[in-house]
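**Student:** Submitted below is the structure of interest, expressed as C-alpha cells.
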Amino acid sequence: MSTTELSAETRARILGTAWRLVRDSGAGAVTVKEMAAAAGVSRQLVYFHYQNRAGLLLAMARHQDRSSGFTREVAAARALDPVPGFEALLRAWCAYLAEILPVARALEAAYVTGDEGGDAWRDRMTELREAFRLALERIADEGRLAQGWTEPAAADWAWARVLPGGWAALVGMRGWDPREYTERTVASLLAELVAGAGTGNQARSG
C-alpha cells in the first residue's frame, strides 16, 4: 500500500487501535509512532491522512461515535416526537458514557492541560451540546419548553448535567448503579426542562 492509499478496513484499524491505546494509557502518553506501530502501518501513512496527533485523535473520537452506533441512536431519537426524542437522546448518551468513559476523561484532561487531544474533546462535546439544542428546539416549537428557559440555556443545562465527570463521580467514586444514574438524570432533566413532564419516572433511592 502506498502512503496515499487508505482502505476502510485500514482506517478502522488505525482509529480503533488509537482508541484502545488512549483508553489504556491516556491521550498524552501515546505518540503517533506508537499508534502506527500497533496498527501495523507507517507513521508516514498516519501523518498523510491525519496531519498530526490532534487530527488523529479527532478522527478517532468521531469514528467511535459512528462505529459504536451512537450516531445512529441520535438520528433515531430525532425521528421520534419531541419529548420522547429528548428522553431517547438522554438515555442513549447515558448508556454510551459507560463505554467511552476512560477515553472521554483522557481527552477531557488533555483539554484542561492544553494537550493536542483537547481538540477532540472540544469537537465531540460541541456536537453533543448541539444535539441537545436541536432536541430542545423541537420541544420549544411544540410549546413544551418549561417556563423560564430559553433554548440555548436549556441546551447548556442538559449538556452540563451529563458531562462524563458527573458519571465518574457518582458511578465511579460513589458507587451508584448506572441504571439509577440514568433514571435520575433523565427524570430530573425532563421535569426541569419540559412543561408538564412531572417526575413520575423518578428512580427510587436505593
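Ordered as shown in the C-alpha cells, chains take letters A, B, and onward, while each chain numbers its residues from 1 and ligands are numbered from 1 in the order shown.
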Do a neighbour search on range 24-26 of chain A at 10 Å with only C-alpha atoms, toss out local chain neighbours closer than 6 positions, and write the hits as a PyMOL selection string.

**Tutor:** chain A and resi 18+102-107+109-110+117

**Student:** Would you put the residues from that selection into a file with C-alpha atoms, as a PDB file, in the first residue's frame?

**Tutor:**
ATOM      1  CA  ALA A  18      -5.740   4.651  18.688  1.00  0.00           C
ATOM      2  CA  PRO A 102     -11.886   6.206  30.123  1.00  0.00           C
ATOM      3  CA  VAL A 103     -11.182   7.838  26.761  1.00  0.00           C
ATOM      4  CA  ALA A 104     -13.576  10.719  27.404  1.00  0.00           C
ATOM      5  CA  ARG A 105     -11.815  11.501  30.670  1.00  0.00           C
ATOM      6  CA  ALA A 106      -8.412  11.253  28.990  1.00  0.00           C
ATOM      7  CA  LEU A 107      -9.475  13.696  26.274  1.00  0.00           C
ATOM      8  CA  ALA A 109      -7.736  16.022  30.783  1.00  0.00           C
ATOM      9  CA  ALA A 110      -5.943  16.846  27.534  1.00  0.00           C
ATOM     10  CA  GLY A 117      -6.258  15.653  22.498  1.00  0.00           C
TER      11      GLY A 117
END

**Student:** For each of A:Ala95, A:Ile100, A:Ala79, A:Gly196, take the minimum atom-to-atom distance to Arg23 in chain A, counting only C-alpha atoms, then give the residue where this is smallest.

**Tutor:**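 Going through A:Ala95, A:Ile100, A:Ala79, A:Gly196 one by one, the smallest distance to Arg23 in chain A is for A:Ile100.
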
**Student:** Would you mind listing what lies within 8 Å of Arg129 in chain A as a PyMOL selection string, with only C-alpha atoms counted and same-chain residues fewer than 5 positions away left out?

**Tutor:** chain A and resi 155-156+159

**Student:** With C-alpha atoms retained, export the selected residues as a PDB file, in the first residue's frame.

**Tutor:**
ATOM      1  CA  ALA A 155     -29.302  23.079  25.960  1.00  0.00           C
ATOM      2  CA  ASP A 156     -26.412  24.320  28.104  1.00  0.00           C
ATOM      3  CA  TRP A 159     -25.308  19.261  28.308  1.00  0.00           C
TER       4      TRP A 159
END

**Student:** Of the candidates A:Cys94, A:Ala154, A:Val112, A:Leu89, which one gets nearest to Glu180 in chain A if we count only C-alpha atoms?

**Tutor:**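 Among the listed residues, the smallest separation from Glu180 in chain A belongs to A:Cys94.
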
**Student:** List the spatial neighbours of Phe132 in chain A as an mmCIF file with N, CA and C atoms, in the first residue's frame - criterion: any atom at most 10 Å away, only C-alpha atoms, same-chain residues fewer than 2 positions off excluded.

**Tutor:**
data_model
loop_
_atom_site.group_PDB
_atom_site.id
_atom_site.type_symbol
_atom_site.label_atom_id
_atom_site.label_comp_id
_atom_site.auth_asym_id
_atom_site.auth_seq_id
_atom_site.Cartn_x
_atom_site.Cartn_y
_atom_site.Cartn_z
ATOM 1 N N VAL A 74 -28.684 8.792 17.877
ATOM 2 C CA VAL A 74 -29.040 10.213 17.874
ATOM 3 C C VAL A 74 -30.020 10.496 16.743
ATOM 4 N N PHE A 86 -36.206 13.605 23.041
ATOM 5 C CA PHE A 86 -35.263 14.147 24.007
ATOM 6 C C PHE A 86 -34.899 13.088 25.045
ATOM 7 N N LEU A 89 -32.586 10.538 23.498
ATOM 8 C CA LEU A 89 -31.239 11.071 23.375
ATOM 9 C C LEU A 89 -30.500 11.003 24.704
ATOM 10 N N LEU A 90 -31.160 11.396 25.767
ATOM 11 C CA LEU A 90 -30.545 11.330 27.091
ATOM 12 C C LEU A 90 -30.159 9.890 27.453
ATOM 13 N N GLU A 127 -20.552 18.920 19.568
ATOM 14 C CA GLU A 127 -21.588 18.209 18.816
ATOM 15 C C GLU A 127 -22.666 17.663 19.751
ATOM 16 N N LEU A 128 -22.273 17.199 20.936
ATOM 17 C CA LEU A 128 -23.263 16.724 21.896
ATOM 18 C C LEU A 128 -24.182 17.863 22.325
ATOM 19 N N ARG A 129 -23.600 19.017 22.603
ATOM 20 C CA ARG A 129 -24.413 20.164 23.004
ATOM 21 C C ARG A 129 -25.374 20.555 21.883
ATOM 22 N N GLU A 130 -24.925 20.470 20.634
ATOM 23 C CA GLU A 130 -25.789 20.776 19.501
ATOM 24 C C GLU A 130 -26.938 19.778 19.395
ATOM 25 N N LEU A 134 -30.857 20.949 19.399
ATOM 26 C CA LEU A 134 -31.861 20.590 18.404
ATOM 27 C C LEU A 134 -33.058 19.889 19.045
ATOM 28 N N ALA A 135 -32.785 19.009 20.010
ATOM 29 C CA ALA A 135 -33.871 18.304 20.684
ATOM 30 C C ALA A 135 -34.760 19.283 21.445
ATOM 31 N N LEU A 136 -34.149 20.238 22.125
ATOM 32 C CA LEU A 136 -34.921 21.186 22.916
ATOM 33 C C LEU A 136 -35.588 22.248 22.045
ATOM 34 N N GLU A 137 -35.020 22.533 20.896
ATOM 35 C CA GLU A 137 -35.675 23.413 19.938
ATOM 36 C C GLU A 137 -36.997 22.804 19.474
ATOM 37 N N ARG A 138 -36.993 21.499 19.223
ATOM 38 C CA ARG A 138 -38.215 20.818 18.811
ATOM 39 C C ARG A 138 -39.263 20.862 19.928
ATOM 40 N N GLU A 151 -34.088 28.267 24.757
ATOM 41 C CA GLU A 151 -33.490 27.075 24.133
ATOM 42 C C GLU A 151 -31.989 26.982 24.382
ATOM 43 N N PRO A 152 -31.221 28.067 24.205
ATOM 44 C CA PRO A 152 -29.779 27.950 24.468
ATOM 45 C C PRO A 152 -29.459 27.599 25.914
ATOM 46 N N ALA A 154 -31.392 26.025 28.085
ATOM 47 C CA ALA A 154 -31.810 24.648 28.349
ATOM 48 C C ALA A 154 -30.805 23.655 27.769
ATOM 49 N N ALA A 155 -30.307 23.955 26.567
ATOM 50 C CA ALA A 155 -29.302 23.079 25.960
ATOM 51 C C ALA A 155 -28.028 23.071 26.784
ATOM 52 N N ASP A 156 -27.601 24.247 27.252
ATOM 53 C CA ASP A 156 -26.412 24.320 28.104
ATOM 54 C C ASP A 156 -26.597 23.496 29.374
ATOM 55 N N TRP A 157 -27.779 23.617 29.971
ATOM 56 C CA TRP A 157 -28.046 22.936 31.242
ATOM 57 C C TRP A 157 -28.046 21.415 31.058
ATOM 58 N N ALA A 158 -28.753 20.945 30.058
ATOM 59 C CA ALA A 158 -28.792 19.497 29.810
ATOM 60 C C ALA A 158 -27.397 18.966 29.517
ATOM 61 N N TRP A 159 -26.658 19.673 28.687
ATOM 62 C CA TRP A 159 -25.308 19.261 28.308
ATOM 63 C C TRP A 159 -24.387 19.192 29.524
#

**Student:** Would you list, as a ChimeraX atom specification, the residues of range 11-206 of chain A that end up in helix (DSSP H, G or I) under DSSP run on this structure's backbone?

**Tutor:** /A:11-25,27-29,32-39,43-50,53-68,70-78,82-113,118-141,151-161,164-173,178-193

**Student:** Would you mind reading off the distance between CA of Asp177 in chain A and CA of Leu97 in chain A, one decimal, in Å?

**Tutor:** 13.3 Å

**Student:** I'd like the interatomic distance between CA of Ala195 in chain A and CA of Gln147 in chain A, to a tenth of an Å.

**Tutor:**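 Separation of CA of Ala195 in chain A and CA of Gln147 in chain A: 7.2 Å.
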
**Student:** Given the choices A:Thr126, A:Thr10, A:Thr150, A:Thr17, which gets closest to Met60 in chain A if the distance is worked out from only C-alpha atoms?

**Tutor:**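 Among the listed residues, the smallest separation from Met60 in chain A belongs to A:Thr17.
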
**Student:** Using only C-alpha atoms, which protein or nucleic acid residues come within 8 Å of Thr182 in chain A? Drop anything in the same chain fewer than 3 positions from it, and give the result as a list in words.

**Tutor:**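 These residues fall inside the cut-off: Arg91, Cys94, Ala95, Pro178, Arg179, Thr185 and Val186 of chain A.
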
**Student:** Neighbours of Phe70 in chain A within 8 Å (only C-alpha atoms; same-chain residues fewer than 3 positions away dropped), as a PyMOL selection string?

**Tutor:** chain A and resi 65-67+73-74+92-93+96

**Student:** Those same residues, written as an mmCIF file, in the first residue's frame with C-alpha atoms?

**Tutor:**
data_model
loop_
_atom_site.group_PDB
_atom_site.id
_atom_site.type_symbol
_atom_site.label_atom_id
_atom_site.label_comp_id
_atom_site.auth_asym_id
_atom_site.auth_seq_id
_atom_site.Cartn_x
_atom_site.Cartn_y
_atom_site.Cartn_z
ATOM 1 C CA ASP A 65 -19.326 7.642 17.726
ATOM 2 C CA ARG A 66 -20.156 6.120 14.340
ATOM 3 C CA SER A 67 -18.865 2.578 14.885
ATOM 4 C CA GLU A 73 -29.193 6.415 18.000
ATOM 5 C CA VAL A 74 -29.040 10.213 17.874
ATOM 6 C CA ALA A 92 -28.550 6.886 24.532
ATOM 7 C CA TRP A 93 -25.892 9.226 25.872
ATOM 8 C CA TYR A 96 -22.727 5.445 25.808
#
